[in-house]
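Report on one structure; see the data block that follows.
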Amino acid sequence: MKKSLLIFALSMVNYAYAQQKENIIFAGATIHIGNGELIENGTIHIKNGIIVAIDNEPSANATIDPTAIVVNAKGKHIYPGLIAPYSRLGLEEVEAVRATLDYREVGELNPNVRALISYNTDSKLIPTVRSNGVLTAMTVPEGGIVTGSSSLMKLAGWNWEDAVYKADVGIHLNWPTMRIYSASWAPSAEDQKSNTEKRFIELRKFFNQAKAYNEISRPLVKNLKFAAMQDLFSGKKKLFIAADYSKDIIAAVNFSKEFGITPIIVGARDAHLVLNFLKENNIAIILENAHSLPSREDDDIDLPYKKAAILYNAGIKYCMAINGSWQQRNLPFEAGTTAAYGVPREMALRSVTLSAAEILGVADNLGSLTKGKDATLLISTGDLLDMKSSSVERAWIQGSEIKLKNSQNELNEKYLKKYGIDQ
């Protein structure tokens, strides 16, 4: 009996979370649309999880719906929730503890692996990330050549079924690098070339077999790996290829074209060296780790900081990302760094909002503060992209307000109180 009551109580908590769609009018805020535009002293109205009105007349909407709660947001900033387009969030807890890692599967070719069913909504990392404005994240399996299928997750929810925003966004591929390493720890050049060639042969064979399998209307024997590739060949899923060096990027794109696929390149350290190629082939980039060192000794020391500006000025579609899990909390500040190095500030915001949504295929509902889209947004008292002034006060995911408390806040308050330090 007690067990049944507990299950019922927990289900009611979940139900209450799912039904809590707020009806709020925010007035007087600086509204950052997410598409490069800005509204000063504007109004935004959210209801039933959707943005129902947005304009630059702060008093216009206050009387439209007398049942709405009117929030005076004068002097504050409203932003769309940031999107982390490439992460291990929910699949990794403590990097040094193997038992808490669930992002890697054995074997080289695993398109049937689905990241979302391993997503841990109870991760203590998730609240720390959303406290900085990241409200959705694509969680990605790693390991091998074809690593599996990623899903876009809301950073709130009772379980993975609640948290999933878009399931199985795409298949991920780690491109076998053609770079030859000459370090003391590296195998001989001949062995490296031979190993890379074997991996290419294996990869091409797998893609050819998977395509042939999915052209059969009723295969006699079910092959889960090949079946998982069906939506990739039909265009319902995207192909994300992790490739850094210029030769690898060109080879990866040409390989994809053989199968009628336009890939998205992840990482792309050498993207600035193949701008014309990327533009000619309409390739989008998920640009990782702006806060890093250059990959070559003769590169400009600030090349990672200004690479986004190079892509922006060349007209290449891109969004910003950080590899890892807890690191996602720094995503807005990496976008801010790109603004300091040449990207217009509102376009830098776009690189972690609408551009990410477009690349992931969810821009119809997410990524910008536009009428008819999901009310996934936040209020900050400072510039969200500035590490010193950013202060996220409140946040909503699909119209439901989420708690921004996390273990780091609690520890800070605990020890400030313990040692009698005034905040």
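Naming works like this for the structure tokens: A, B, ... for the chains as they're shown, residue 1 at the start of each chain, ligands 1 onward in shown order.
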
Near-Arg114 (chain A) list (8 Å; only C-alpha atoms; drop same-chain fewer than 4 positions) as JSON, numbers by chain | {"A": [118, 141, 148, 149, 150, 151, 168]}

Would you save the residues of that selection, restricted to C-alpha atoms, as a PDB file, in the first residue's frame?
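part28.pdb, written as the output of this step:
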```
ATOM      1  CA  SER A 118      20.958   6.662 -21.360  1.00  0.00           C
ATOM      2  CA  PRO A 141      27.309   9.160 -28.156  1.00  0.00           C
ATOM      3  CA  GLY A 148      25.267   6.317 -32.844  1.00  0.00           C
ATOM      4  CA  SER A 149      22.245   8.590 -32.811  1.00  0.00           C
ATOM      5  CA  SER A 150      21.994  11.883 -30.884  1.00  0.00           C
ATOM      6  CA  SER A 151      18.889  13.571 -29.479  1.00  0.00           C
ATOM      7  CA  ASP A 168      17.260  10.870 -32.963  1.00  0.00           C
TER       8      ASP A 168
END
```

Report the residues of region 283-357 of chain A whose backbone DSSP state falls under strand (DSSP E), written as a ChimeraX atom specification.
-> /A:284-288,318-321

Determine, counting only C-alpha atoms, which protein, DNA and RNA residues have an atom within 12 Å of an atom of Tyr103 (chain A); residues of the same chain fewer than 3 positions away are not included. Present the result as an MDAnalysis selection string.
-> chainID A and resid 87:93 95 98:100 106 113:120 139:144 147:150 324:325

Residues from last step as file, N, CA and C atoms, as a short mmCIF file (atom, residue, chain, number, x, y, z; two decimals), in the first residue's frame:
```cif
data_model
loop_
_atom_site.label_atom_id
_atom_site.label_comp_id
_atom_site.auth_asym_id
_atom_site.auth_seq_id
_atom_site.Cartn_x
_atom_site.Cartn_y
_atom_site.Cartn_z
N SER A 87 27.21 17.71 -27.10
CA SER A 87 27.64 17.55 -25.72
C SER A 87 27.53 16.10 -25.26
N ARG A 88 28.11 15.85 -24.08
CA ARG A 88 27.93 14.57 -23.40
C ARG A 88 27.06 14.76 -22.16
N LEU A 89 26.36 15.85 -22.08
CA LEU A 89 25.54 16.17 -20.92
C LEU A 89 24.48 15.08 -20.71
N GLY A 90 24.37 14.60 -19.48
CA GLY A 90 23.43 13.53 -19.16
C GLY A 90 23.99 12.15 -19.38
N LEU A 91 25.14 12.06 -20.05
CA LEU A 91 25.80 10.77 -20.29
C LEU A 91 27.10 10.65 -19.49
N GLU A 92 27.50 11.73 -18.85
CA GLU A 92 28.78 11.77 -18.14
C GLU A 92 28.59 12.56 -16.85
N GLU A 93 29.06 12.02 -15.74
CA GLU A 93 28.94 12.72 -14.48
C GLU A 93 30.29 13.16 -13.94
N GLU A 95 34.24 12.78 -14.83
CA GLU A 95 35.10 12.34 -15.93
C GLU A 95 36.09 11.26 -15.51
N ARG A 98 34.92 5.90 -14.18
CA ARG A 98 34.38 5.17 -15.32
C ARG A 98 32.92 4.75 -15.13
N ALA A 99 32.55 4.44 -13.89
CA ALA A 99 31.19 3.97 -13.62
C ALA A 99 30.14 5.03 -13.89
N THR A 100 30.54 6.29 -13.97
CA THR A 100 29.58 7.38 -14.22
C THR A 100 29.55 7.81 -15.69
N VAL A 106 31.04 -0.31 -27.15
CA VAL A 106 32.11 -1.11 -27.75
C VAL A 106 31.85 -1.28 -29.24
N VAL A 113 22.97 2.69 -31.70
CA VAL A 113 23.07 3.19 -30.33
C VAL A 113 22.32 4.52 -30.23
N ARG A 114 21.45 4.64 -29.23
CA ARG A 114 20.65 5.86 -29.04
C ARG A 114 21.03 6.52 -27.73
N ALA A 115 21.50 7.76 -27.81
CA ALA A 115 21.97 8.44 -26.61
C ALA A 115 20.83 8.73 -25.63
N LEU A 116 19.63 8.99 -26.14
CA LEU A 116 18.57 9.48 -25.26
C LEU A 116 18.16 8.48 -24.18
N ILE A 117 18.24 7.18 -24.44
CA ILE A 117 17.79 6.21 -23.44
C ILE A 117 18.79 6.07 -22.29
N SER A 118 19.99 6.64 -22.45
CA SER A 118 20.96 6.66 -21.36
C SER A 118 21.01 8.02 -20.66
N TYR A 119 20.20 8.96 -21.12
CA TYR A 119 20.24 10.31 -20.59
C TYR A 119 19.77 10.33 -19.14
N ASN A 120 20.60 10.89 -18.27
CA ASN A 120 20.33 10.91 -16.83
C ASN A 120 19.79 12.27 -16.42
N THR A 139 22.63 15.65 -26.89
CA THR A 139 23.54 14.71 -26.23
C THR A 139 23.96 13.65 -27.24
N VAL A 140 25.27 13.42 -27.30
CA VAL A 140 25.88 12.70 -28.42
C VAL A 140 26.69 11.49 -27.93
N PRO A 141 26.46 10.30 -28.49
CA PRO A 141 27.31 9.16 -28.16
C PRO A 141 28.66 9.28 -28.85
N GLU A 142 29.68 8.70 -28.25
CA GLU A 142 31.03 8.76 -28.81
C GLU A 142 31.65 7.37 -28.83
N GLY A 143 32.75 7.25 -29.54
CA GLY A 143 33.48 5.99 -29.60
C GLY A 143 33.30 5.26 -30.92
N GLY A 144 34.41 4.81 -31.51
CA GLY A 144 34.35 4.10 -32.78
C GLY A 144 34.27 5.05 -33.96
N THR A 147 29.22 6.39 -34.34
CA THR A 147 29.07 6.33 -32.88
C THR A 147 27.64 6.13 -32.42
N GLY A 148 26.65 6.50 -33.23
CA GLY A 148 25.27 6.32 -32.84
C GLY A 148 24.42 7.54 -33.15
N SER A 149 23.24 7.57 -32.54
CA SER A 149 22.25 8.59 -32.81
C SER A 149 22.11 9.55 -31.63
N SER A 150 22.12 10.85 -31.92
CA SER A 150 21.99 11.88 -30.88
C SER A 150 20.56 12.39 -30.81
N GLY A 324 32.24 18.03 -24.37
CA GLY A 324 32.22 17.65 -22.96
C GLY A 324 30.84 17.77 -22.35
N SER A 325 30.80 17.82 -21.03
CA SER A 325 29.52 17.86 -20.30
C SER A 325 29.40 19.13 -19.46
#
```

Quick one: distance from CA of Val221 (chain A) to CA of Arg204 (chain A) in Å, one decimal?
-> 21.5 Å

Contacts of region 266-283 of chain A at 6 Å (only C-alpha atoms; same-chain gap of 5+ positions) as number ranges by chain = A: 241-246, 288

Deliver the residues from the most recent selection as a file, using C-alpha atoms, as a PDB file, in the first residue's frame.
```pdb
ATOM      1  CA  ILE A 241      30.900  14.181 -39.090  1.00  0.00           C
ATOM      2  CA  ALA A 242      33.639  15.063 -36.619  1.00  0.00           C
ATOM      3  CA  ALA A 243      36.585  16.242 -38.732  1.00  0.00           C
ATOM      4  CA  ASP A 244      39.224  18.861 -37.956  1.00  0.00           C
ATOM      5  CA  TYR A 245      41.846  19.039 -40.684  1.00  0.00           C
ATOM      6  CA  SER A 246      41.312  20.428 -44.170  1.00  0.00           C
ATOM      7  CA  GLU A 288      33.964  23.734 -31.163  1.00  0.00           C
TER       8      GLU A 288
END
```

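Distance annotation: of A:Ile69, A:Ile24, A:Ala339, A:Ala29, the residue with the minimal separation from Thr381 (chain A) is A:Ala29; atom set is only C-alpha atoms.
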
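Relative to CA of Gln398 (chain A), CA of Ala228 (chain A) is found at 29.6 Å.
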
Which residues are near Tyr86 (chain A)? Cut-off 8 Å, only C-alpha atoms, ignore same chain within fewer than 4 positions. Put them as a compact mmCIF listing (two decimals) with N, CA and C atoms, in the first residue's frame.
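Listing of around36.txt after writing:
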```txt
# COMPACT_ATOMS: atom_id res chain seq x y z
N ALA A 137 20.05 20.85 -24.93
CA ALA A 137 21.37 20.36 -25.34
C ALA A 137 21.20 19.08 -26.14
N MET A 138 21.99 18.96 -27.20
CA MET A 138 22.01 17.71 -27.95
C MET A 138 23.06 16.81 -27.31
N THR A 139 22.63 15.65 -26.89
CA THR A 139 23.54 14.71 -26.23
C THR A 139 23.96 13.65 -27.24
N VAL A 140 25.27 13.42 -27.30
CA VAL A 140 25.88 12.70 -28.42
C VAL A 140 26.69 11.49 -27.93
N ILE A 286 29.53 23.02 -36.96
CA ILE A 286 29.42 23.15 -35.50
C ILE A 286 30.84 23.40 -35.01
N ALA A 321 29.88 25.47 -30.16
CA ALA A 321 29.71 24.32 -29.28
C ALA A 321 30.96 24.14 -28.44
N ILE A 322 30.82 23.35 -27.38
CA ILE A 322 31.94 22.96 -26.52
C ILE A 322 31.87 21.46 -26.35
N ASN A 323 32.97 20.79 -26.51
CA ASN A 323 32.99 19.35 -26.28
C ASN A 323 32.97 19.07 -24.79
```

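The space between CA of Asp364 (chain A) and CA of Leu377 (chain A) spans 15.3 Å.
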
DSSP helix (DSSP H, G or I) selection over region 115-172 of chain A, as a ChimeraX atom specification | /A:115-118,125-130,160-163

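The environment of Phe233 (chain A) within 8 Å, counting only C-alpha atoms and disregarding residues fewer than 6 places along the same chain, consists of Lys211, Phe259, Gly260 and Ile261 of chain A.
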
From the set A:Leu416, A:Ala357, A:Leu384, A:Leu411, which residue has the shortest atom-to-atom contact distance to Arg329 (chain A), counting only C-alpha atoms?
-> A:Leu384

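With distances restricted to only C-alpha atoms, A:Val352 is the closest residue to Leu82 (chain A) from A:Leu378, A:Ile44, A:Val352, A:Ala210.
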
Which one is closest to Pro85 (chain A): A:Glu215, A:Asp374, A:Glu358, A:Asp383? Count only C-alpha atoms.
-> A:Glu358
